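J.: Here it is, the structure, as structure tokens.
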Amino acid sequence: MAQPATWDHPEPLAIESAPVPEYGSGSLADLLPTLAAGMGVPGTTAAIPELTPADRNCVFLIDGLGWEQIKDHADEAPYLHALLGSSRGGTGRPLTAGYPATTATSLASVGTGLPPGAHGLPGYTVRNPATGELMNQLRWQPWTKPGPWQPYPTIFQLAHDAGVHAAQVSSPTFQNTPLTKVALSGGTFHGRLTGEERMDLAAEQLAAGDRSLVYTYYAELDGAGHRYGIASDTWRGQLMYVDRLVQRLAEQLPPRSALYVTADHGMIDVPFDEEHRIDFDADWELRAGVALLGGEGRARHVYAVRGAENDVLTCWREVLGEQFWVASRDEAIAAGWFGPHIDDRVYDRLGDVIAAARDDVLIIASEREPKESAMVGNHGSMTPAEQLVPLLEVRS
């Protein structure tokens, strides 16, 4: 008698096995509310219990500087590496960026003190329900009214309204961008071109008030990682420069100050071969029933043709489920990927299917996303290399 055929296809990754960010106690969204609460700003709550209040707080966010990258590069970043034990209030632990671990989402989480499901920037590109088009939330294209897209006040605005001296010190390029408006506005913006100028001015702005909240930013490390990879000499050179910038600022802190060095995400290098880079534009199975492909290579929002949602979910699980956590919109929400609650205005911005990479793999789109598909360094998902960010601390 013939034996029945056995199903030998590996089970897809379980949704509950994804390492969900520590929203409410140890995520980027919890940082500024904790600092502001320590300065007595109404409407803010100290969510990270390990932090001790200070009268003057400076957050230096270095784009792309993940926790694991600092641990792995003691030679290039001796000052930062020596501060690892100070992270998260001296516990020596990192924060989690939030999902997806990408710049627009993380900056909005930092500035508003809210998780992505509330502030509404839940990806690199997401569908605008009002137009049906993909909206790039980093470049703000096509242009969308910033206020309705992200209506909550920033922590900087709340601090300013409470009499705290609030300031942002960054590249002049960012002064009037919609992303700055919705995520980081409030108080005064000071544009400076060089990293050294930003460090010096950040220290001056800290000293400008009895209570101060200052934010400063450096982007070029991330750019080097995307273009050349974190294994490159160019990236390591940028890391060495960043290490010197942090030390320069730390040595200028005025009295009663706390400096917190953090990041919006980490990064991994992904090899250039078909095994590690799955091309959506060349894969008829993945394209079937898909109206729009959003997000980025390691954190995809997939928008299905109406009526095809279940078929797309089934197909993506079968094709990618051993390497990606593949969830329906409601499954991802229930698992807490975007935070404990989802605002109604945000719900339809999320993909019908959401795919988060576990392995060193990308879903590229060589035709519709040629620049992004050519990047060496990538980020977006919930793996430690992408998700864990430092909260290094120096006090005066």
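By convention in this document, the chains of the structure tokens carry letters A, B, ... by their order, each chain's residues are numbered from 1, and ligands are numbered from 1 in the order they are shown.
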Extract the full set of alpha helix (DSSP H) residues from region 120-368 of chain A according to DSSP on the backbone, and format it as JSON, numbers by chain.

T.: {"A": [146, 147, 148, 149, 155, 156, 157, 158, 159, 160, 161, 178, 179, 180, 181, 182, 183, 195, 196, 197, 198, 199, 200, 201, 202, 203, 204, 205, 206, 207, 220, 221, 222, 223, 224, 225, 226, 227, 228, 233, 234, 235, 236, 237, 238, 239, 240, 241, 242, 243, 244, 245, 246, 247, 248, 249, 250, 284, 285, 286, 287, 309, 310, 311, 312, 313, 314, 315, 316, 317, 318, 319, 320, 329, 330, 331, 332, 333, 334, 335, 344, 345, 346, 347]}

J.: Select from region 131-222 of chain A every residue with an atom at most 10 Å from any atom of region 121-124 of chain A, then for each give the shortest pair of atoms and their distance in Å to one decimal, using only C-alpha atoms, rows by chain and rising number, as CSV.

T.:
```
residue,atom,partner,partner_atom,distance
A:Leu134,CA,A:Tyr124,CA,9.8
A:Met135,CA,A:Tyr124,CA,8.4
A:Asn136,CA,A:Tyr124,CA,6.0
A:Gln137,CA,A:Tyr124,CA,5.7
A:Leu138,CA,A:Tyr124,CA,6.4
A:Arg139,CA,A:Tyr124,CA,9.1
A:Trp140,CA,A:Tyr124,CA,9.9
A:Trp149,CA,A:Leu121,CA,8.4
A:Gln150,CA,A:Leu121,CA,7.8
A:Leu179,CA,A:Leu121,CA,9.7
A:Val182,CA,A:Leu121,CA,9.9
A:Ala183,CA,A:Leu121,CA,9.7
```

J.: Go through A:His301, A:Arg192, A:Arg277, A:His265 and flag the residue nearest Thr125 (chain A), using only C-alpha atoms for the distances.

T.: A:His301

J.: Find the residues of region 156-264 of chain A that sit at most 9 Å from region 61-73 of chain A; for each, write down the nearest two atoms and how far apart they are in Å, to one decimal. Count only C-alpha atoms. Sort by chain, then by number going up, and give it as JSON lines.

T.:
```
{"residue": "A:Tyr215", "atom": "CA", "partner": "A:Leu61", "partner_atom": "CA", "distance": 7.6}
{"residue": "A:Thr216", "atom": "CA", "partner": "A:Leu61", "partner_atom": "CA", "distance": 6.3}
{"residue": "A:Tyr217", "atom": "CA", "partner": "A:Leu61", "partner_atom": "CA", "distance": 4.9}
{"residue": "A:Tyr218", "atom": "CA", "partner": "A:Ile62", "partner_atom": "CA", "distance": 5.0}
{"residue": "A:Ala219", "atom": "CA", "partner": "A:Asp63", "partner_atom": "CA", "distance": 5.0}
{"residue": "A:Glu220", "atom": "CA", "partner": "A:Asp63", "partner_atom": "CA", "distance": 7.4}
{"residue": "A:Leu221", "atom": "CA", "partner": "A:Gly64", "partner_atom": "CA", "distance": 6.3}
{"residue": "A:Asp222", "atom": "CA", "partner": "A:Gly64", "partner_atom": "CA", "distance": 4.6}
{"residue": "A:Gly223", "atom": "CA", "partner": "A:Gly64", "partner_atom": "CA", "distance": 8.3}
{"residue": "A:Gly225", "atom": "CA", "partner": "A:Gly64", "partner_atom": "CA", "distance": 7.7}
{"residue": "A:Ile230", "atom": "CA", "partner": "A:Gln69", "partner_atom": "CA", "distance": 8.3}
{"residue": "A:Arg236", "atom": "CA", "partner": "A:His73", "partner_atom": "CA", "distance": 8.3}
{"residue": "A:Leu239", "atom": "CA", "partner": "A:Leu65", "partner_atom": "CA", "distance": 8.4}
{"residue": "A:Val242", "atom": "CA", "partner": "A:Ile62", "partner_atom": "CA", "distance": 8.0}
{"residue": "A:Tyr260", "atom": "CA", "partner": "A:Leu61", "partner_atom": "CA", "distance": 8.3}
{"residue": "A:Val261", "atom": "CA", "partner": "A:Leu61", "partner_atom": "CA", "distance": 6.0}
{"residue": "A:Thr262", "atom": "CA", "partner": "A:Leu61", "partner_atom": "CA", "distance": 4.9}
{"residue": "A:Ala263", "atom": "CA", "partner": "A:Leu61", "partner_atom": "CA", "distance": 4.9}
{"residue": "A:Asp264", "atom": "CA", "partner": "A:Asp63", "partner_atom": "CA", "distance": 5.7}
```

J.: Create the file for the chosen residues now, containing C-alpha atoms and written as a PDB file, in the first residue's frame.

T.:
```pdb
ATOM      1  CA  TYR A 215      19.181  67.979  19.847  1.00  0.00           C
ATOM      2  CA  THR A 216      22.020  67.608  17.365  1.00  0.00           C
ATOM      3  CA  TYR A 217      22.457  65.257  14.433  1.00  0.00           C
ATOM      4  CA  TYR A 218      25.052  63.783  12.091  1.00  0.00           C
ATOM      5  CA  ALA A 219      24.029  61.956   8.887  1.00  0.00           C
ATOM      6  CA  GLU A 220      27.185  61.092   6.975  1.00  0.00           C
ATOM      7  CA  LEU A 221      27.970  57.803   8.734  1.00  0.00           C
ATOM      8  CA  ASP A 222      24.695  56.397   7.432  1.00  0.00           C
ATOM      9  CA  GLY A 223      25.414  57.657   3.922  1.00  0.00           C
ATOM     10  CA  GLY A 225      27.228  52.695   5.068  1.00  0.00           C
ATOM     11  CA  ILE A 230      29.986  48.997   7.087  1.00  0.00           C
ATOM     12  CA  ARG A 236      35.300  53.171   9.312  1.00  0.00           C
ATOM     13  CA  LEU A 239      33.126  56.255  12.518  1.00  0.00           C
ATOM     14  CA  VAL A 242      32.087  60.572  14.802  1.00  0.00           C
ATOM     15  CA  TYR A 260      22.944  61.095  25.442  1.00  0.00           C
ATOM     16  CA  VAL A 261      24.431  59.590  22.284  1.00  0.00           C
ATOM     17  CA  THR A 262      21.974  57.489  20.331  1.00  0.00           C
ATOM     18  CA  ALA A 263      21.010  56.497  16.787  1.00  0.00           C
ATOM     19  CA  ASP A 264      17.992  55.883  14.595  1.00  0.00           C
TER      20      ASP A 264
END
```

J.: Neighbours of Glu322 (chain A) within 12 Å (only C-alpha atoms; same-chain residues fewer than 3 positions away dropped), as JSON, numbers by chain?

T.: {"A": [9, 10, 11, 12, 13, 14, 15, 316, 317, 318, 319, 325, 326, 355, 356, 357, 358, 359, 360, 361]}

J.: Could you write out that same residue set with N, CA, C and O atoms as an mmCIF file, in the first residue's frame?

T.:
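Below you can see selection.cif, which holds the result:
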```cif
data_model
loop_
_atom_site.group_PDB
_atom_site.id
_atom_site.type_symbol
_atom_site.label_atom_id
_atom_site.label_comp_id
_atom_site.auth_asym_id
_atom_site.auth_seq_id
_atom_site.Cartn_x
_atom_site.Cartn_y
_atom_site.Cartn_z
ATOM 1 N N HIS A 9 7.723 20.931 3.369
ATOM 2 C CA HIS A 9 8.052 22.354 3.234
ATOM 3 C C HIS A 9 8.237 22.948 4.624
ATOM 4 O O HIS A 9 7.385 22.771 5.498
ATOM 5 N N PRO A 10 9.348 23.626 4.870
ATOM 6 C CA PRO A 10 9.569 24.194 6.200
ATOM 7 C C PRO A 10 8.460 25.165 6.594
ATOM 8 O O PRO A 10 7.885 25.855 5.754
ATOM 9 N N GLU A 11 8.162 25.181 7.874
ATOM 10 C CA GLU A 11 7.149 26.106 8.383
ATOM 11 C C GLU A 11 7.658 27.543 8.277
ATOM 12 O O GLU A 11 8.838 27.820 8.512
ATOM 13 N N PRO A 12 6.769 28.476 7.920
ATOM 14 C CA PRO A 12 7.193 29.884 7.911
ATOM 15 C C PRO A 12 7.493 30.367 9.323
ATOM 16 O O PRO A 12 7.016 29.795 10.314
ATOM 17 N N LEU A 13 8.285 31.412 9.411
ATOM 18 C CA LEU A 13 8.620 31.976 10.720
ATOM 19 C C LEU A 13 7.356 32.403 11.451
ATOM 20 O O LEU A 13 6.480 33.049 10.880
ATOM 21 N N ALA A 14 7.279 32.044 12.710
ATOM 22 C CA ALA A 14 6.116 32.410 13.511
ATOM 23 C C ALA A 14 6.132 33.913 13.791
ATOM 24 O O ALA A 14 7.183 34.472 14.135
ATOM 25 N N ILE A 15 4.978 34.558 13.668
ATOM 26 C CA ILE A 15 4.888 35.999 13.910
ATOM 27 C C ILE A 15 5.375 36.335 15.312
ATOM 28 O O ILE A 15 6.091 37.315 15.543
ATOM 29 N N TRP A 316 3.422 35.243 -0.340
ATOM 30 C CA TRP A 316 4.630 35.799 0.280
ATOM 31 C C TRP A 316 5.123 34.906 1.408
ATOM 32 O O TRP A 316 6.334 34.761 1.599
ATOM 33 N N ARG A 317 4.212 34.294 2.143
ATOM 34 C CA ARG A 317 4.631 33.367 3.204
ATOM 35 C C ARG A 317 5.313 32.138 2.605
ATOM 36 O O ARG A 317 6.332 31.678 3.117
ATOM 37 N N GLU A 318 4.756 31.628 1.538
ATOM 38 C CA GLU A 318 5.335 30.430 0.937
ATOM 39 C C GLU A 318 6.705 30.700 0.328
ATOM 40 O O GLU A 318 7.616 29.881 0.440
ATOM 41 N N VAL A 319 6.840 31.854 -0.313
ATOM 42 C CA VAL A 319 8.091 32.167 -1.002
ATOM 43 C C VAL A 319 9.163 32.662 -0.040
ATOM 44 O O VAL A 319 10.348 32.320 -0.168
ATOM 45 N N TRP A 325 9.747 37.435 8.547
ATOM 46 C CA TRP A 325 8.483 37.368 9.261
ATOM 47 C C TRP A 325 7.448 38.027 8.350
ATOM 48 O O TRP A 325 7.542 39.220 8.052
ATOM 49 N N VAL A 326 6.479 37.257 7.880
ATOM 50 C CA VAL A 326 5.467 37.760 6.952
ATOM 51 C C VAL A 326 4.124 37.761 7.669
ATOM 52 O O VAL A 326 3.625 36.703 8.074
ATOM 53 N N ALA A 355 6.377 42.476 5.538
ATOM 54 C CA ALA A 355 7.459 41.492 5.527
ATOM 55 C C ALA A 355 8.709 42.091 6.154
ATOM 56 O O ALA A 355 9.229 43.101 5.668
ATOM 57 N N ALA A 356 9.173 41.484 7.243
ATOM 58 C CA ALA A 356 10.350 41.954 7.979
ATOM 59 C C ALA A 356 11.432 40.885 7.929
ATOM 60 O O ALA A 356 11.209 39.747 8.341
ATOM 61 N N ALA A 357 12.613 41.255 7.443
ATOM 62 C CA ALA A 357 13.676 40.278 7.223
ATOM 63 C C ALA A 357 14.286 39.796 8.530
ATOM 64 O O ALA A 357 14.607 40.595 9.407
ATOM 65 N N ARG A 358 14.475 38.482 8.633
ATOM 66 C CA ARG A 358 15.260 37.916 9.728
ATOM 67 C C ARG A 358 16.685 37.628 9.275
ATOM 68 O O ARG A 358 17.652 37.871 9.996
ATOM 69 N N ASP A 359 16.837 37.104 8.043
ATOM 70 C CA ASP A 359 18.146 36.735 7.517
ATOM 71 C C ASP A 359 18.774 37.912 6.771
ATOM 72 O O ASP A 359 18.153 38.970 6.590
ATOM 73 N N ASP A 360 20.008 37.737 6.331
ATOM 74 C CA ASP A 360 20.714 38.794 5.596
ATOM 75 C C ASP A 360 20.248 38.814 4.144
ATOM 76 O O ASP A 360 20.964 38.389 3.231
ATOM 77 N N VAL A 361 19.049 39.294 3.946
ATOM 78 C CA VAL A 361 18.410 39.222 2.634
ATOM 79 C C VAL A 361 17.571 40.472 2.412
ATOM 80 O O VAL A 361 17.130 41.116 3.375
#
```

J.: Of the residues A:Ala29, A:Thr91, A:Ala46, A:Asp55, which is the one nearest to Gly111 (chain A), using only C-alpha atoms?

T.: A:Ala29

J.: Would you mind reading off the distance between CA of Met375 (chain A) and CA of Glu274 (chain A), one decimal, in Å?

T.: 14.6 Å

J.: Just want the 8 Å neighbourhood of region 165-167 of chain A, counted on only C-alpha atoms, with same-chain residues fewer than 4 positions away dropped. Output as a ChimeraX atom specification.

T.: /A:156-157,159-160,186-190,205,208-215

J.: Can you write out the residues you just picked, keeping N, CA and C atoms, as a compact mmCIF listing (two decimals), in the first residue's frame?

T.:
```
# COMPACT_ATOMS: atom_id res chain seq x y z
N PHE A 156 9.87 68.85 21.82
CA PHE A 156 10.56 70.15 21.84
C PHE A 156 9.55 71.28 22.00
N GLN A 157 8.40 71.18 21.32
CA GLN A 157 7.38 72.21 21.45
C GLN A 157 6.80 72.24 22.85
N ALA A 159 8.30 71.29 25.56
CA ALA A 159 9.34 71.83 26.44
C ALA A 159 9.43 73.35 26.31
N HIS A 160 9.43 73.84 25.08
CA HIS A 160 9.48 75.29 24.85
C HIS A 160 8.30 75.98 25.52
N GLY A 186 10.07 73.06 17.21
CA GLY A 186 9.84 73.55 18.56
C GLY A 186 11.10 74.16 19.12
N GLY A 187 11.00 75.35 19.67
CA GLY A 187 12.21 76.06 20.08
C GLY A 187 12.87 76.68 18.87
N THR A 188 14.20 76.67 18.85
CA THR A 188 14.94 77.32 17.76
C THR A 188 15.78 76.31 17.00
N PHE A 189 15.92 76.55 15.69
CA PHE A 189 16.77 75.72 14.84
C PHE A 189 18.03 76.50 14.51
N HIS A 190 19.19 75.84 14.63
CA HIS A 190 20.48 76.46 14.32
C HIS A 190 21.20 75.59 13.31
N GLN A 205 24.27 76.07 23.37
CA GLN A 205 22.82 76.07 23.56
C GLN A 205 22.43 75.38 24.87
N ALA A 208 22.60 77.85 27.56
CA ALA A 208 21.80 79.07 27.37
C ALA A 208 20.57 79.13 28.27
N GLY A 209 20.22 78.06 28.95
CA GLY A 209 19.08 78.07 29.84
C GLY A 209 19.36 77.30 31.11
N ASP A 210 18.62 77.64 32.18
CA ASP A 210 18.73 76.86 33.40
C ASP A 210 18.20 75.45 33.19
N ARG A 211 17.19 75.35 32.32
CA ARG A 211 16.70 74.05 31.86
C ARG A 211 16.80 74.07 30.34
N SER A 212 17.48 73.09 29.77
CA SER A 212 17.70 73.08 28.33
C SER A 212 17.47 71.68 27.77
N LEU A 213 16.91 71.66 26.55
CA LEU A 213 16.76 70.42 25.80
C LEU A 213 17.29 70.68 24.40
N VAL A 214 18.43 70.07 24.08
CA VAL A 214 19.14 70.33 22.83
C VAL A 214 19.28 69.03 22.05
N TYR A 215 19.05 69.13 20.75
CA TYR A 215 19.18 67.98 19.85
C TYR A 215 20.18 68.33 18.76
```

J.: Which residue, A:Pro340, A:Pro172, A:Gly98, A:Gly40, has the smallest gap to Gly380 (chain A) when you use only C-alpha atoms?

T.: A:Gly98

J.: Report, in Å with one decimal, the straight-line distance from CA of Phe272 (chain A) to CA of Ser366 (chain A).

T.: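 Calculated distance between CA of Phe272 (chain A) and CA of Ser366 (chain A) is 12.3 Å.
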
J.: Taking into account only C-alpha atoms, which residue in the set A:Ser257, A:Thr131, A:Asn378, A:Thr177 is nearest to Pro146 (chain A)?

T.: A:Thr177

J.: Go through A:Ala203, A:Val41, A:Leu32, A:Ala335 one by one, measure the shortest atom-to-atom distance of each to Val164 (chain A) using only C-alpha atoms, and give the residue with the smallest value.

T.: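 Comparing A:Ala203, A:Val41, A:Leu32, A:Ala335 against Val164 (chain A), the winner is A:Val41.
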
J.: Could you check which of A:Glu393, A:Asp311, A:Asp348, A:Glu367 is closest to Glu133 (chain A), using only C-alpha atoms?

T.: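 Checking each of A:Glu393, A:Asp311, A:Asp348, A:Glu367 against Glu133 (chain A), counting only C-alpha atoms, the winner is A:Asp348.
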
J.: Run DSSP on the backbone of this structure and report the residues of region 128-351 of chain A it assigns to strand (DSSP E), as a PyMOL selection string.

T.: chain A and resi 134-136+165-170+188-191+212-218+257-262+268-269+277-279+290-296+299-304+324-328

J.: Go ahead and compute the interatomic distance for CA of Thr103 (chain A) and CA of Leu253 (chain A), in Å to one decimal.

T.: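 One can read the CA of Thr103 (chain A) to CA of Leu253 (chain A) distance as 27.0 Å.
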